[in-house]
>>> print(open('work-v9.cif').read())   # mmCIF, C-alpha atoms
data_run
loop_
_atom_site.label_atom_id
_atom_site.label_comp_id
_atom_site.auth_asym_id
_atom_site.auth_seq_id
_atom_site.Cartn_x
_atom_site.Cartn_y
_atom_site.Cartn_z
CA MET A 1 -23.55 6.84 -11.10
CA ARG A 2 -20.01 7.98 -11.76
CA LYS A 3 -18.03 10.32 -9.58
CA PHE A 4 -14.64 11.78 -10.16
CA LYS A 5 -12.55 12.31 -7.07
CA CYS A 6 -8.87 12.30 -6.29
CA PHE A 7 -7.50 11.08 -2.96
CA LEU A 8 -3.98 11.11 -1.62
CA ASN A 9 -5.01 9.72 1.74
CA PHE A 10 -6.37 6.19 2.24
CA ASP A 11 -8.29 7.03 5.44
CA GLN A 12 -10.19 9.82 3.69
CA GLU A 13 -10.98 7.62 0.71
CA GLU A 14 -12.29 4.83 2.98
CA LYS A 15 -14.41 7.33 4.87
CA TRP A 16 -15.90 8.69 1.65
CA LEU A 17 -16.75 5.21 0.31
CA ASN A 18 -18.47 4.32 3.59
CA HIS A 19 -20.31 7.63 3.49
CA MET A 20 -21.55 6.86 -0.05
CA ALA A 21 -22.75 3.40 1.09
CA ARG A 22 -24.76 4.99 3.91
CA GLN A 23 -26.40 7.21 1.27
CA GLY A 24 -27.38 4.08 -0.65
CA TRP A 25 -24.56 4.07 -3.21
CA GLU A 26 -22.69 0.80 -3.47
CA PHE A 27 -19.12 1.08 -4.73
CA VAL A 28 -18.88 -1.28 -7.73
CA GLY A 29 -15.86 -0.26 -9.73
CA LYS A 30 -13.06 2.16 -10.37
CA SER A 31 -11.56 3.44 -13.58
CA ILE A 32 -10.64 7.10 -13.90
CA CYS A 33 -13.70 7.73 -11.75
CA TYR A 34 -15.59 5.79 -9.10
CA HIS A 35 -18.63 3.78 -10.19
CA PHE A 36 -21.62 3.43 -7.88
CA GLN A 37 -24.86 1.51 -8.05
CA LYS A 38 -28.09 2.37 -6.26
CA ALA A 39 -28.54 0.02 -3.29
CA GLU A 40 -30.07 -0.14 0.17
CA PRO A 41 -28.32 2.30 2.51
CA GLU A 42 -25.83 0.28 4.50
CA ASP A 43 -23.40 0.85 7.32
CA THR A 44 -20.31 -0.59 5.67
CA ARG A 45 -16.72 -0.85 6.73
CA ILE A 46 -14.50 -0.51 3.68
CA LYS A 47 -10.73 -0.60 4.10
CA MET A 48 -7.91 -0.12 1.63
CA ASP A 49 -4.50 -1.58 1.08
CA TYR A 50 -1.95 -0.73 -1.59
CA ARG A 51 -0.13 -3.79 -2.87
CA PRO A 52 0.65 -4.62 -6.51
CA PHE A 53 1.47 -8.24 -7.37
CA THR A 54 3.58 -9.79 -10.11
CA ARG A 55 2.37 -13.36 -9.65
CA LYS A 56 -1.25 -14.45 -9.81
CA ALA A 57 -0.68 -17.14 -7.14
CA ASP A 58 0.47 -14.50 -4.62
CA PHE A 59 -2.55 -12.33 -5.37
CA GLU A 60 -4.89 -15.30 -4.83
CA ASP A 61 -3.17 -16.27 -1.58
CA TYR A 62 -3.50 -12.66 -0.39
CA ARG A 63 -7.20 -12.49 -1.22
CA ALA A 64 -7.88 -15.88 0.37
CA LEU A 65 -6.27 -14.73 3.63
CA PHE A 66 -8.52 -11.65 3.75
CA GLU A 67 -11.62 -13.67 2.89
CA ASP A 68 -10.84 -16.19 5.63
CA SER A 69 -10.53 -13.29 8.07
CA GLY A 70 -13.95 -11.89 7.15
CA TRP A 71 -12.92 -9.24 4.59
CA LYS A 72 -14.41 -9.49 1.12
CA HIS A 73 -12.19 -8.24 -1.69
CA ILE A 74 -14.49 -5.85 -3.59
CA GLN A 75 -12.15 -4.03 -5.96
CA GLY A 76 -8.60 -4.12 -7.26
CA SER A 77 -6.67 -6.24 -9.74
CA LYS A 78 -3.39 -8.08 -9.55
CA SER A 79 -1.36 -5.17 -10.88
CA SER A 80 -3.52 -2.14 -10.00
CA GLY A 81 -2.18 -2.08 -6.45
CA TYR A 82 -5.24 -0.39 -4.97
CA GLN A 83 -7.10 -3.12 -3.07
CA TYR A 84 -10.51 -2.53 -1.49
CA PHE A 85 -11.99 -4.76 1.19
CA ARG A 86 -15.35 -4.83 2.89
CA LYS A 87 -15.98 -6.36 6.28
CA VAL A 88 -18.57 -9.10 5.88
CA SER A 89 -18.32 -11.02 9.13
CA GLY A 90 -19.33 -9.88 12.59
CA GLN A 91 -16.28 -11.45 14.16
CA GLY A 92 -12.68 -10.72 13.40
CA SER A 93 -10.63 -7.57 13.34
CA GLU A 94 -12.10 -4.08 12.98
CA ASP A 95 -9.30 -3.09 10.62
CA ILE A 96 -7.17 -4.91 8.06
CA PHE A 97 -4.07 -3.77 9.94
CA SER A 98 -3.32 -4.44 13.57
CA ASP A 99 -0.27 -2.24 14.08
CA ALA A 100 0.88 1.25 13.11
CA ASP A 101 3.88 0.06 11.10
CA SER A 102 1.94 -2.10 8.68
CA LYS A 103 -0.80 0.53 8.37
CA ALA A 104 1.91 3.03 7.37
CA GLY A 105 3.56 0.47 5.07
CA ARG A 106 0.92 0.94 2.37
CA TYR A 107 2.08 4.56 1.95
CA LYS A 108 5.65 3.30 1.59
CA ARG A 109 4.64 0.98 -1.27
CA LEU A 110 2.55 3.73 -2.86
CA SER A 111 5.39 6.27 -2.72
CA LYS A 112 7.77 3.72 -4.27
CA MET A 113 5.38 3.29 -7.20
CA TRP A 114 5.08 7.06 -7.83
CA LEU A 115 8.84 7.46 -7.66
CA SER A 116 9.48 4.61 -10.07
CA ILE A 117 7.14 5.97 -12.75
CA SER A 118 8.63 9.46 -12.39
CA VAL A 119 12.06 7.95 -12.83
CA THR A 120 11.02 6.02 -15.96
CA TYR A 121 9.71 9.19 -17.61
CA PHE A 122 12.72 11.23 -16.65
CA PRO A 123 15.18 10.08 -19.42
CA ILE A 124 12.61 10.92 -22.13
CA CYS A 125 12.37 14.38 -20.65
CA VAL A 126 16.14 14.79 -20.63
CA VAL A 127 16.36 13.75 -24.30
CA LEU A 128 13.65 16.24 -25.27
CA GLY A 129 15.44 18.89 -23.23
CA THR A 130 18.90 18.35 -24.70
CA THR A 131 17.62 18.18 -28.28
CA GLY A 132 16.10 21.62 -27.78
CA THR A 133 12.47 20.59 -28.06
CA PHE A 134 11.57 22.72 -25.05
CA LYS A 135 11.74 26.36 -26.06
CA PRO A 136 10.27 28.52 -23.31
CA ALA A 137 10.84 31.64 -25.46
CA ALA A 138 8.59 30.22 -28.21
CA LEU A 139 5.61 30.55 -25.87
CA LEU A 140 5.88 34.33 -26.20
CA ASN A 141 5.56 34.02 -29.96
CA PRO A 142 2.50 31.78 -30.41
CA GLU A 143 2.16 32.66 -34.13
CA ALA A 144 5.08 30.35 -34.79
CA PHE A 145 2.93 27.37 -33.85
CA TYR A 146 0.63 27.96 -36.84
CA LEU A 147 2.08 26.31 -39.90
CA THR A 148 -0.64 26.88 -42.55
CA PRO A 149 1.08 28.68 -45.47
CA GLY A 150 -0.15 32.25 -45.85
CA LEU A 151 -2.49 32.03 -42.83
CA TRP A 152 -1.72 35.53 -41.57
CA GLU A 153 -2.37 37.09 -44.98
CA LYS A 154 -5.89 35.67 -45.14
CA THR A 155 -8.84 37.82 -44.11
CA GLY A 156 -12.46 37.45 -43.07
CA SER A 157 -14.16 34.08 -42.78
CA SER A 158 -11.46 32.23 -44.70
CA PHE A 159 -8.94 33.43 -42.07
CA TRP A 160 -11.16 32.40 -39.15
CA ARG A 161 -11.91 29.02 -40.62
CA ALA A 162 -8.23 28.20 -41.16
CA PHE A 163 -7.27 29.79 -37.83
CA LEU A 164 -9.81 27.89 -35.75
CA PHE A 165 -9.09 24.68 -37.60
CA GLU A 166 -5.44 24.83 -36.74
CA THR A 167 -5.77 26.12 -33.17
CA PRO A 168 -6.01 22.69 -31.50
CA PHE A 169 -2.92 21.53 -33.41
CA ALA A 170 -1.08 24.73 -32.54
CA LEU A 171 -1.98 24.34 -28.88
CA PHE A 172 -0.65 20.83 -28.91
CA ARG A 173 2.54 21.94 -30.67
CA GLY A 174 3.00 24.74 -28.17
CA LEU A 175 1.99 23.09 -24.92
CA GLY A 176 2.08 19.36 -25.70
CA ILE A 177 5.80 19.12 -25.15
CA TYR A 178 5.34 20.59 -21.69
CA LEU A 179 2.85 17.87 -20.80
CA LEU A 180 5.53 15.35 -19.93
CA PRO A 181 7.47 17.55 -17.47
CA THR A 182 4.15 18.55 -15.90
CA VAL A 183 3.17 14.91 -15.42
CA ILE A 184 6.57 14.09 -13.91
CA ILE A 185 6.28 16.97 -11.46
CA LEU A 186 2.78 15.83 -10.54
CA TYR A 187 3.97 12.25 -9.91
CA LEU A 188 6.88 13.50 -7.85
CA PHE A 189 4.40 15.52 -5.82
CA PHE A 190 2.36 12.34 -5.20
CA PHE A 191 5.58 10.60 -4.20
CA PHE A 192 6.46 13.28 -1.64
CA LYS A 193 2.91 13.29 -0.27
CA ALA A 194 2.84 9.51 0.21
CA ASN A 195 6.33 9.45 1.63
CA ARG A 196 5.50 12.18 4.12
CA GLN A 197 2.38 10.35 5.19
CA TYR A 198 4.48 7.21 5.69
CA LYS A 199 7.03 9.04 7.86
CA LYS A 200 4.22 10.63 9.85
CA MET A 201 2.41 7.38 10.57
CA GLN A 202 5.33 5.06 11.00
CA GLY A 203 5.94 4.05 14.58
CA GLY A 204 3.33 6.54 15.76
CA ASN A 205 2.50 4.57 18.85
CA LEU A 206 5.46 2.28 19.18
CA ILE A 207 8.25 2.61 21.68
CA ARG A 208 11.53 1.68 20.09
CA MET B 1 28.98 -8.13 21.12
CA GLY B 2 28.30 -9.83 17.80
CA ARG B 3 24.59 -10.22 18.27
CA ASP B 4 22.43 -11.29 15.32
CA LYS B 5 21.13 -8.07 13.71
CA HIS B 6 17.56 -9.40 13.60
CA LEU B 7 17.34 -9.55 17.38
CA PRO B 8 15.21 -8.81 19.27
CA LEU B 9 12.29 -10.19 17.28
CA THR B 10 8.96 -8.44 17.65
CA GLU B 11 6.27 -10.30 19.55
CA THR B 12 4.31 -10.99 16.36
CA VAL B 13 7.32 -12.28 14.43
CA TYR B 14 8.28 -14.51 17.35
CA TYR B 15 4.83 -16.10 17.47
CA ILE B 16 4.61 -16.49 13.67
CA LEU B 17 7.93 -18.35 13.62
CA LEU B 18 6.82 -20.47 16.54
CA ALA B 19 3.49 -21.23 14.84
CA LEU B 20 5.30 -22.26 11.64
CA HIS B 21 7.08 -25.02 13.48
CA GLU B 22 4.40 -26.96 11.60
CA PRO B 23 3.30 -26.00 8.05
CA ALA B 24 0.28 -23.69 7.97
CA HIS B 25 -1.56 -21.37 5.58
CA GLY B 26 -2.25 -17.70 6.27
CA TYR B 27 -5.47 -17.88 8.26
CA LEU B 28 -4.25 -20.85 10.29
CA ILE B 29 -1.17 -18.78 11.25
CA LEU B 30 -3.50 -16.01 12.48
CA GLN B 31 -5.41 -18.47 14.66
CA LYS B 32 -2.29 -20.16 15.97
CA VAL B 33 -0.66 -16.85 16.89
CA GLU B 34 -3.75 -15.85 18.85
CA GLU B 35 -3.86 -19.21 20.60
CA LEU B 36 -0.12 -19.34 21.38
CA SER B 37 -0.19 -15.84 22.84
CA GLY B 38 -3.17 -16.66 25.05
CA GLY B 39 -5.37 -14.26 23.09
CA GLN B 40 -2.91 -11.36 23.52
CA VAL B 41 -1.76 -11.05 19.90
CA ARG B 42 -4.55 -10.66 17.39
CA MET B 43 -3.14 -9.92 13.99
CA ALA B 44 -5.22 -8.53 11.14
CA ALA B 45 -4.94 -9.95 7.62
CA GLY B 46 -3.03 -7.03 6.09
CA THR B 47 -0.48 -7.00 8.87
CA LEU B 48 0.07 -10.75 8.68
CA TYR B 49 0.48 -10.70 4.90
CA GLY B 50 3.18 -8.05 5.18
CA ALA B 51 4.93 -10.03 7.90
CA ILE B 52 4.86 -13.24 5.83
CA GLU B 53 6.30 -11.42 2.82
CA ASN B 54 9.04 -9.95 4.96
CA LEU B 55 9.93 -13.28 6.58
CA ILE B 56 10.15 -14.94 3.17
CA LYS B 57 12.53 -12.20 2.04
CA LEU B 58 14.68 -12.87 5.11
CA ARG B 59 14.45 -16.62 4.34
CA PHE B 60 13.14 -17.38 7.84
CA ILE B 61 10.10 -19.10 6.36
CA GLU B 62 9.36 -20.60 2.95
CA PRO B 63 6.29 -21.65 0.97
CA VAL B 64 5.72 -25.40 0.69
CA GLY B 65 2.84 -26.22 -1.64
CA SER B 66 -0.72 -25.09 -1.11
CA VAL B 67 -4.10 -26.17 0.23
CA GLY B 68 -6.81 -26.11 -2.38
CA SER B 69 -5.96 -23.94 -5.34
CA ARG B 70 -5.44 -20.62 -3.56
CA ARG B 71 -3.97 -20.86 -0.06
CA LYS B 72 -0.20 -21.15 0.15
CA VAL B 73 1.31 -23.15 2.98
CA TYR B 74 4.40 -21.86 4.78
CA VAL B 75 6.93 -23.44 7.13
CA ILE B 76 9.92 -22.26 9.17
CA THR B 77 13.41 -22.72 7.65
CA GLU B 78 16.69 -23.64 9.30
CA ALA B 79 17.66 -19.95 9.43
CA GLY B 80 14.29 -19.21 11.01
CA ARG B 81 14.85 -21.83 13.70
CA THR B 82 18.29 -20.40 14.46
CA VAL B 83 17.00 -16.85 14.95
CA LEU B 84 14.05 -18.12 17.00
CA SER B 85 16.30 -20.03 19.38
CA LEU B 86 18.66 -17.05 19.70
CA ASP B 87 15.71 -14.86 20.68
CA PHE B 88 14.50 -17.52 23.07
CA GLU B 89 17.90 -17.50 24.80
CA ARG B 90 17.89 -13.71 24.93
CA MET B 91 14.49 -13.69 26.63
CA SER B 92 15.39 -16.56 28.97
CA HIS B 93 18.38 -14.56 30.10
CA MET B 94 16.17 -11.52 30.75
CA ILE B 95 13.73 -13.59 32.76
CA GLU B 96 16.41 -15.31 34.86
CA THR B 97 18.19 -12.05 35.55
CA THR B 98 14.94 -10.36 36.49
CA ARG B 99 13.98 -13.18 38.84
CA ARG B 100 17.36 -12.96 40.51
CA ILE B 101 17.16 -9.29 41.43
CA TRP B 102 13.49 -8.41 41.48
CA ASN B 103 10.48 -10.50 42.30
CA PRO B 104 7.43 -9.39 40.35
CA ASP B 105 5.15 -10.96 42.97
CA GLY B 106 6.36 -8.39 45.44
CA ARG B 107 8.05 -10.80 47.84
CA GLU B 108 11.50 -9.75 48.96
CA ARG B 109 14.38 -11.77 47.64
CA ASN B 110 17.17 -9.54 48.84
CA ALA B 111 18.89 -12.50 50.41
CA GLU B 112 19.87 -13.75 46.97
CA ILE B 113 21.49 -10.54 45.77
#
>>> encode(input="work-v9.cif", output="structure tokens")
Amino acid sequence: MRKFKCFLNFDQEEKWLNHMARQGWEFVGKSICYHFQKAEPEDTRIKMDYRPFTRKADFEDYRALFEDSGWKHIQGSKSSGYQYFRKVSGQGSEDIFSDADSKAGRYKRLSKMWLSISVTYFPICVVLGTTGTFKPAALLNPEAFYLTPGLWEKTGSSFWRAFLFETPFALFRGLGIYLLPTVIILYLFFFFKANRQYKKMQGGNLIR
Amino acid sequence: MGRDKHLPLTETVYYILLALHEPAHGYLILQKVEELSGGQVRMAAGTLYGAIENLIKLRFIEPVGSVGSRRKVYVITEAGRTVLSLDFERMSHMIETTRRIWNPDGRERNAEI
């Protein structure tokens, strides 16, 4: 089974995955959506970390440490950052973090990632902006996005056929250029969300 | 007072540095920290990994080879020893001073003040 869901909070995502396992759905993979396989209902303890790696040796060392501590690495690749662990041993810690600072630290790393991709897209956006590709006024005149010669003089079915054929292209011409700024704004929103969560959690129960 | 900016060390960092007096891999560090602290400090894997990464960045510890193909082995550096001994002195001073003016066992020691 596949399920599409979007989480901005690790605790909620963990809770949902454990809930699915209790319903008999084992979490087996993640792409754009979550992949589940029918299994025996199980009371699991799944925990998440966010940590991308550049070197394979570091990633292996990281996974080995978790495995030794009774946490099986069930999902996540070297560069994906999102790491999922399942408690497999009765002994050992109940969580993969033992203090508030390190538990908050995963939001810090996540927010850094969102900020860095927003920043990489930004220059492209500036170039498109300064070369006049964004024309907000053009949106009020959508006919301009249809380029078929003599389209508006056609009538009847020949008009509709040409019109409908070109509509997807026209939509892309009209709105496609706004896709990039939209994506940047969305990523910046994710950045602010993660950063706020980090500030909220950091040092929650520490006296400094 | 020109005190080292890394002082005071947190309890976990102090025990990790102390444990890495001898080379050890991740899980061994976890066990040693628990043992050295008399069962008081139980670190979880994610927290320890973050601490190791941080201490490497500060050059207080360094990787030296690996056991098997996966587990890296770490050991304390000269800089790590320096900061550990500075923190030891800081705490020794606190303990001596405390003993001098206040006896935690509740017995009066006013005569010494």
>>> resolve_selection(input="work-v9.cif", expression="the PyMOL selection byres ((chain B) within 6 of (chain A))", output="PyMOL selection string")
chain B and resi 26-27+43-47+70-72
>>> write_last_selection(input="work-v9.cif", atoms="C-alpha atoms", output="compact mmCIF listing (two decimals), in the coordinates of the input")
# COMPACT_ATOMS: atom_id res chain seq x y z
CA GLY B 26 -2.25 -17.70 6.27
CA TYR B 27 -5.47 -17.88 8.26
CA MET B 43 -3.14 -9.92 13.99
CA ALA B 44 -5.22 -8.53 11.14
CA ALA B 45 -4.94 -9.95 7.62
CA GLY B 46 -3.03 -7.03 6.09
CA THR B 47 -0.48 -7.00 8.87
CA ARG B 70 -5.44 -20.62 -3.56
CA ARG B 71 -3.97 -20.86 -0.06
CA LYS B 72 -0.20 -21.15 0.15
>>> closest_residue(input="work-v9.cif", among="A:Ile185, A:Ser158, A:Phe190, A:Lys87", to="A:Cys6", atoms="all atoms listed in the file")
A:Phe190
>>> resolve_selection(input="work-v9.cif", expression="the PyMOL selection byres ((chain A and resi 145) around 10)", output="list in words")
Ala138, Leu139, Asn141, Pro142, Glu143, Ala144, Tyr146, Leu147, Thr148, Glu166, Thr167, Phe169, Ala170, Leu171, Phe172, Arg173, Gly174 and Leu175 of chain A
>>> residues_around(input="work-v9.cif", residues="A:Ala21", least_positions_apart="2", cutoff="9 Å", atoms="all atoms listed in the file", output="list in words")
Trp16, Leu17, Asn18, His19, Gln23, Gly24, Trp25, Glu26, Phe27, Ala39, Glu40, Pro41, Glu42, Asp43 and Thr44 of chain A
>>> resolve_selection(input="work-v9.cif", expression="the PyMOL selection byres ((chain B and resi 14) around 12)", output="ChimeraX atom specification")
/B:6-13,15-21,33,36-37,41,51,55,60,76,80-88,91
>>> residues_around(input="work-v9.cif", residues="B:Arg59", least_positions_apart="3", cutoff="10 Å", atoms="only C-alpha atoms", output="NGL selection string")
:B and (53-56 or 62 or 76-80)
>>> atom_distance(input="work-v9.cif", atom1="atom CA of B:Gln31", atom2="atom CA of B:Leu48")
11.2 Å
>>> atom_distance(input="work-v9.cif", atom1="atom CA of A:Leu115", atom2="atom CA of A:Gln202")
19.1 Å
>>> closest_residue(input="work-v9.cif", among="A:Pro123, A:Lys72, A:Arg55, A:Tyr82", to="A:Leu110", atoms="all atoms listed in the file")
A:Tyr82
>>> axis_aligned_box(input="work-v9.cif", around="stretch 40-43 of chain B", padding_each_side="8 Å", output="JSON")
{"center_x": -3.2, "center_y": -10.6, "center_z": 18.8, "size_x": 18.8, "size_y": 17.4, "size_z": 25.5}
